[in-house]
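Have a look at query.txt below; it lists compact mmCIF, C-alpha atoms.
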# COMPACT_ATOMS: atom_id res chain seq x y z
CA MET A 12 92.55 64.75 81.86
CA ARG A 13 94.54 66.59 79.21
CA ASN A 14 93.55 69.95 80.74
CA LEU A 15 94.63 68.76 84.18
CA THR A 16 98.04 67.74 82.82
CA LEU A 17 98.42 71.10 81.06
CA LEU A 18 97.47 72.98 84.23
CA PHE A 19 99.90 70.87 86.26
CA PHE A 20 102.78 71.68 83.92
CA ALA A 21 101.84 75.38 83.90
CA TYR A 22 101.94 75.32 87.72
CA LEU A 23 105.22 73.46 87.72
CA ILE A 24 106.86 75.87 85.27
CA ILE A 25 105.84 78.92 87.32
CA TRP A 26 107.02 77.31 90.58
CA ILE A 27 110.34 76.37 89.00
CA GLY A 28 110.70 79.93 87.68
CA LEU A 29 110.02 81.47 91.10
CA PHE A 30 112.33 79.00 92.84
CA ALA A 31 115.09 79.66 90.30
CA TYR A 32 114.68 83.42 90.91
CA LEU A 33 115.10 82.83 94.66
CA LEU A 34 118.23 80.72 94.12
CA PHE A 35 119.59 83.41 91.79
CA LEU A 36 119.08 86.07 94.49
CA ILE A 37 120.74 83.88 97.14
CA GLN A 38 123.69 83.21 94.84
CA ARG A 39 124.04 86.89 93.95
CA GLY A 40 123.91 87.78 97.66
CA LEU A 41 126.71 85.35 98.44
CA VAL A 42 128.83 86.78 95.60
CA LEU A 43 128.28 90.33 96.90
CA SER A 44 129.14 89.21 100.46
CA ARG A 45 132.44 87.84 99.21
CA GLU A 46 133.06 91.04 97.25
CA ILE A 47 132.41 93.15 100.36
CA ALA A 48 134.78 90.97 102.42
CA ALA A 49 137.49 91.29 99.73
CA LEU A 50 137.06 95.07 99.52
CA LYS A 51 137.30 95.39 103.30
CA GLU A 52 140.41 93.26 103.26
CA ALA A 53 141.91 95.45 100.55
CA LEU A 54 140.95 98.57 102.47
CA SER A 55 142.51 97.38 105.72
CA ALA A 56 145.65 96.28 103.84
CA GLY A 57 145.79 99.78 102.34
CA ASN A 58 145.43 101.30 105.78
CA ARG A 59 148.21 99.14 107.17
CA GLY A 60 150.41 100.11 104.27
CA ASP A 61 151.47 98.07 101.29
CA PRO A 62 154.89 96.51 102.02
CA ARG A 63 155.82 96.70 98.32
CA GLU A 64 155.45 100.48 98.34
CA GLY A 65 156.87 101.48 101.70
CA LYS A 66 157.31 100.64 105.33
CA PRO A 67 154.39 99.19 107.28
CA GLY A 68 152.24 101.94 108.70
CA GLU A 69 152.93 104.34 105.84
CA GLY A 70 149.67 103.59 104.06
CA ARG A 71 146.69 105.88 103.78
CA PRO A 72 145.32 107.07 107.11
CA SER A 73 142.26 105.16 108.27
CA GLY A 74 138.83 106.69 108.67
CA ARG A 75 138.80 108.48 105.36
CA MET B 28 127.05 96.53 107.23
CA ALA B 29 124.33 94.67 105.27
CA LYS B 30 123.89 91.22 106.75
CA ALA B 31 123.90 88.30 104.32
CA PHE B 32 121.23 85.64 104.67
CA ASP B 33 122.34 82.22 103.52
CA ASP B 34 118.84 80.89 102.91
CA ARG B 35 119.88 77.82 100.95
CA ALA B 36 118.64 75.44 103.68
CA VAL B 37 115.29 77.27 104.01
CA ALA B 38 115.00 77.25 100.21
CA TRP B 39 114.91 73.46 100.33
CA VAL B 40 112.17 73.62 102.97
CA LEU B 41 110.30 75.80 100.49
CA PHE B 42 110.93 73.22 97.79
CA VAL B 43 109.26 70.52 99.93
CA ALA B 44 106.35 72.90 100.67
CA MET B 45 105.96 73.52 96.92
CA ALA B 46 105.83 69.77 96.27
CA ALA B 47 103.24 69.33 99.06
CA SER B 48 101.21 72.18 97.61
CA LEU B 49 101.27 70.59 94.13
CA TYR B 50 100.20 67.25 95.62
CA LEU B 51 97.26 68.86 97.41
CA VAL B 52 96.14 70.91 94.39
CA PHE B 53 96.34 68.10 91.83
CA LEU B 54 95.79 64.87 93.76
CA TYR B 55 94.08 65.61 97.06
CA VAL B 56 91.49 68.32 96.52
CA PRO B 57 88.23 67.29 94.76
CA THR B 58 87.29 68.87 91.43
CA GLU B 59 84.79 71.67 91.81
CA ARG B 60 81.36 70.74 90.42
CA GLU B 61 80.53 73.81 88.30
CA MET B 62 83.88 75.09 87.04
CA GLY B 63 85.69 71.77 86.78
CA ILE B 64 89.46 71.42 86.54
CA ILE B 65 90.19 75.09 85.81
CA GLN B 66 89.00 75.98 89.32
CA ARG B 67 92.29 74.51 90.61
CA ILE B 68 94.00 77.67 89.41
CA PHE B 69 92.27 79.36 92.36
CA TYR B 70 94.82 77.78 94.80
CA PHE B 71 97.53 79.63 92.94
CA HIS B 72 95.74 82.83 91.94
CA VAL B 73 94.29 83.79 95.35
CA PRO B 74 97.52 83.39 97.41
CA LEU B 75 99.42 85.34 94.74
CA ALA B 76 96.87 88.17 95.00
CA TRP B 77 97.03 88.24 98.80
CA ILE B 78 100.82 88.29 98.80
CA SER B 79 100.77 91.12 96.23
CA PHE B 80 98.58 93.14 98.63
CA LEU B 81 100.97 92.34 101.47
CA ALA B 82 103.92 93.48 99.34
CA PHE B 83 102.18 96.76 98.46
CA LEU B 84 101.27 97.29 102.13
CA LEU B 85 104.97 96.96 102.92
CA VAL B 86 105.80 99.50 100.19
CA CYS B 87 103.31 101.90 101.82
CA VAL B 88 104.67 101.34 105.36
CA ALA B 89 108.25 101.69 104.10
CA GLY B 90 107.27 104.93 102.32
CA VAL B 91 105.77 106.42 105.49
CA GLN B 92 108.78 105.37 107.55
CA TYR B 93 111.18 106.73 104.93
CA LEU B 94 109.49 110.14 104.94
CA ARG B 95 109.69 110.20 108.75
CA GLN B 96 113.24 108.94 109.23
CA ARG B 97 114.98 109.42 105.84
CA SER B 98 116.64 106.07 106.36
CA ARG B 99 118.07 104.20 103.37
CA TRP B 100 116.94 100.90 104.94
CA TRP B 101 113.25 101.82 104.57
CA ASP B 102 113.83 103.04 101.02
CA ALA B 103 115.51 99.74 100.14
CA LEU B 104 112.66 97.79 101.76
CA GLY B 105 110.12 99.73 99.68
CA THR B 106 111.95 99.02 96.41
CA SER B 107 112.42 95.34 97.22
CA ALA B 108 108.76 94.85 98.21
CA ALA B 109 107.54 96.75 95.12
CA GLU B 110 109.60 94.56 92.79
CA ILE B 111 108.28 91.35 94.28
CA GLY B 112 104.75 92.80 94.42
CA VAL B 113 104.87 93.61 90.70
CA LEU B 114 106.18 90.11 89.92
CA PHE B 115 103.37 88.47 91.91
CA SER B 116 100.64 90.78 90.60
CA THR B 117 101.75 90.07 87.02
CA LEU B 118 101.22 86.37 87.76
CA VAL B 119 97.81 87.24 89.25
CA LEU B 120 96.79 88.91 85.98
CA ILE B 121 98.07 85.98 83.90
CA THR B 122 96.44 83.26 86.02
CA GLY B 123 93.21 85.28 86.21
CA SER B 124 93.06 85.46 82.42
CA ILE B 125 93.71 81.73 82.09
CA TRP B 126 90.80 81.10 84.48
CA ALA B 127 88.52 83.65 82.78
CA LYS B 128 88.80 82.22 79.27
CA PRO B 129 86.86 78.96 79.87
CA ILE B 130 84.60 80.43 82.59
CA TRP B 131 83.63 83.82 81.11
CA GLY B 132 84.53 83.01 77.50
CA THR B 133 87.04 85.86 77.30
CA TRP B 134 90.62 86.50 78.44
CA TRP B 135 89.72 89.95 79.76
CA THR B 136 86.64 91.97 80.60
CA TRP B 137 86.31 95.50 81.97
CA GLU B 138 84.91 94.34 85.29
CA PRO B 139 85.43 96.41 88.51
CA ARG B 140 87.87 94.07 90.26
CA LEU B 141 89.92 93.46 87.13
CA VAL B 142 90.09 97.16 86.30
CA THR B 143 91.07 98.23 89.82
CA PHE B 144 93.70 95.48 89.95
CA LEU B 145 95.10 96.50 86.58
CA ILE B 146 95.34 100.10 87.84
CA LEU B 147 97.20 98.81 90.91
CA TRP B 148 99.63 96.95 88.66
CA PHE B 149 100.22 100.09 86.56
CA ILE B 150 100.82 102.19 89.70
CA TYR B 151 103.58 99.91 90.97
CA VAL B 152 105.13 99.40 87.54
CA GLY B 153 105.19 103.22 87.44
CA TYR B 154 106.82 103.18 90.88
CA LEU B 155 109.63 100.98 89.55
CA LEU B 156 110.02 103.11 86.41
CA LEU B 157 110.17 106.22 88.58
CA ARG B 158 112.94 104.67 90.64
CA ALA B 159 114.86 103.89 87.48
CA ALA B 160 114.39 107.35 85.98
CA ALA B 161 114.26 110.03 88.71
CA GLY B 162 117.42 112.07 89.49
CA ASP B 163 119.46 111.98 92.68
CA ASP B 164 119.00 109.32 95.37
CA GLU B 165 117.27 111.54 97.93
CA ARG B 166 114.73 112.97 95.48
CA ARG B 167 114.07 109.57 93.91
CA ALA B 168 113.48 107.96 97.30
CA ARG B 169 111.14 110.77 98.38
CA LEU B 170 109.06 110.62 95.19
CA ALA B 171 108.94 106.82 95.29
CA ALA B 172 107.77 106.91 98.93
CA VAL B 173 104.89 109.23 98.00
CA VAL B 174 103.85 107.07 95.01
CA GLY B 175 104.08 103.94 97.20
CA ILE B 176 101.78 105.48 99.81
CA VAL B 177 99.23 106.94 97.39
CA GLY B 178 99.25 103.76 95.27
CA PHE B 179 98.24 101.66 98.24
CA LEU B 180 94.89 103.49 98.36
CA ASP B 181 93.88 101.32 95.40
CA VAL B 182 94.21 98.07 97.40
CA PRO B 183 90.96 98.54 99.42
CA LEU B 184 89.26 99.46 96.14
CA VAL B 185 90.34 96.14 94.61
CA PHE B 186 89.20 94.27 97.70
CA PHE B 187 85.79 95.89 98.01
CA SER B 188 85.06 96.33 94.28
CA ALA B 189 83.76 92.76 93.90
CA ARG B 190 81.68 93.09 97.08
CA LEU B 191 80.19 96.54 96.56
CA LEU B 192 80.02 96.99 92.79
CA ARG B 193 78.56 93.56 91.98
CA GLY B 194 81.10 92.58 89.38
CA LEU B 195 81.57 89.17 87.80
CA SER B 196 84.49 88.12 90.02
CA PRO B 197 83.56 85.43 92.53
CA VAL B 198 83.74 86.40 96.23
CA VAL B 199 84.97 83.46 98.28
CA PHE B 200 85.31 84.99 101.73
CA THR B 201 82.23 86.77 103.02
CA ARG B 202 80.84 87.66 106.45
CA GLN B 203 79.20 84.24 106.48
CA GLY B 204 82.65 82.63 106.20
CA ALA B 205 84.53 80.86 103.41
CA GLY B 206 82.30 79.17 100.86
CA LEU B 207 84.72 76.26 100.60
CA ALA B 208 84.64 72.61 101.58
CA PRO B 209 87.29 71.70 104.23
CA PRO B 210 89.71 69.98 101.77
CA MET B 211 89.59 73.07 99.54
CA LEU B 212 90.15 75.40 102.47
CA TRP B 213 93.14 73.36 103.71
CA THR B 214 94.66 73.26 100.25
CA LEU B 215 94.25 77.02 99.96
CA LEU B 216 95.86 77.57 103.38
CA VAL B 217 98.85 75.33 102.57
CA SER B 218 99.29 77.13 99.26
CA LEU B 219 99.06 80.48 101.02
CA ALA B 220 101.68 79.41 103.61
CA THR B 221 104.00 78.24 100.82
CA PHE B 222 103.70 81.50 98.91
CA THR B 223 104.18 83.50 102.13
CA LEU B 224 107.43 81.62 102.82
CA LEU B 225 108.53 82.29 99.24
CA PHE B 226 107.71 85.97 99.64
CA VAL B 227 109.65 86.28 102.92
CA LEU B 228 112.71 84.60 101.40
CA LEU B 229 112.58 86.69 98.22
CA LEU B 230 112.17 89.89 100.22
CA ARG B 231 115.07 89.10 102.57
CA GLN B 232 117.37 88.32 99.69
CA ARG B 233 116.29 91.28 97.58
CA LEU B 234 116.68 93.66 100.53
CA PHE B 235 120.15 92.33 101.27
CA LEU B 236 121.18 92.79 97.63
CA GLU B 237 119.93 96.38 97.63
CA LEU B 238 121.91 97.26 100.76
CA ALA B 239 124.98 95.25 99.77
CA LYS B 240 125.20 97.09 96.43
CA ASP B 241 125.34 100.39 98.37
CA GLU B 242 128.07 98.99 100.58
CA VAL B 243 130.16 97.79 97.63
CA GLU B 244 129.92 101.24 96.02
CA ALA B 245 130.87 102.97 99.27
CA LEU B 246 133.86 100.67 99.76
CA LYS B 247 135.02 101.12 96.16
CA GLU B 248 135.04 104.87 96.69
CA LEU B 249 137.35 104.43 99.68
CA ILE B 250 139.88 102.35 97.77
CA PRO B 251 142.15 104.34 95.44

Spit out the file's structure as C-alpha cells when you get a sec.
Amino acid sequence: MRNLTLLFFAYLIIWIGLFAYLLFLIQRGLVLSREIAALKEALSAGNRGDPREGKPGEGRPSGR
Amino acid sequence: MAKAFDDRAVAWVLFVAMAASLYLVFLYVPTEREMGIIQRIFYFHVPLAWISFLAFLLVCVAGVQYLRQRSRWWDALGTSAAEIGVLFSTLVLITGSIWAKPIWGTWWTWEPRLVTFLILWFIYVGYLLLRAAAGDDERRARLAAVVGIVGFLDVPLVFFSARLLRGLSPVVFTRQGAGLAPPMLWTLLVSLATFTLLFVLLLRQRLFLELAKDEVEALKELIP
C-alpha cells in the first residue's frame, strides 16, 4: 500500500510538472503576442509620423 | 505573422484527461500478478516512449523538409519537437530505472534496448547543444537538420532491439497481439491519448514561441 501511495505521488508530481510547463508556454506565448502587437502599433505610429516631432505624415517611410 | 494559440481551454480538457488517467491507473486497473504494483509505471513509461519516437520522427521529417525548402517554419518545428522529445525521453529513462530496480534488482543494465535508447537520448541532446552552439542561423539549421535525420535511424534499432536481440526488456506488442487484459489495454490507450494531447499542445505552443521570437526581433530591428 505504501508503494502504491509513493508511486501515485510520483505520477502526480510529474503530471503537475508537465502541466505547469504547458501553462508556462501558453503564458509566455500570450506575452509575446502582446509584445508583437505593441511593436506593430509602435511601428505604424512611426510610419504615420510622431505628432510631437513633426507634422503627420513626416515619419519614416513605410516598407523599410 | 506567427499565429498565437490560446490553448487555455484545451489545457483544462487535458487536466480532466490527466485525472481520468490517474483514476484508471491507480483505482481501476487490476494489479499485475508477477510484478505487482510497480507494473503500473508501465502506463506512464510506454506512452512517454511512443511520444518520444513520434517527436523524433517529426524532427526527421522537419529536417528533410528544411533541406528541401530552406523554410524557417520547418527548422522551428524541428527544434520544438526535439526539445519536447528530449524532455519525454528523459522521463522514459527515469521511469524505466524506477521500474528496473525492484524487477531486475538494478537501476541500470547494459541491455540492448536500454543502450540503444540511451544513444537516442544522447543524439537529441547533442542536437539541442548543436543548435545552441553552431554559428549563423542558416548553417546551424542545416547541421541540425542533418543530425535530426541521421539520429532518427536509431529509433527502429530501439524498437527492434528487444525483439531481435533477446534482451531483458519485456515485449508487450507482438504479432500475436497485445499480451494485456482488456482493462490494462484500455488504461494504456487512455494514457496514450492523454500524453498525445499533451504533446500536441506543447508542440503548438513551443512552435509559436520559436516563430514569435523571430518576429519580435525582426520588428525591433525596424523600430529606431

Could you please select, counting all atoms listed in the file, the residues of chain A within 7 Å of chain B and state them as a PyMOL selection string? chain A and resi 15+33+36-37+40+43-44+47+50+54

Spatial neighbours of His72 in chain B, 8 Å, all atoms listed in the file, chain gap at least 2 places, as a ChimeraX atom specification: /B:68-70,74-76,118-119,122-123

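The space between CA of Ala108 in chain B and CA of Asp241 in chain B spans 17.5 Å.
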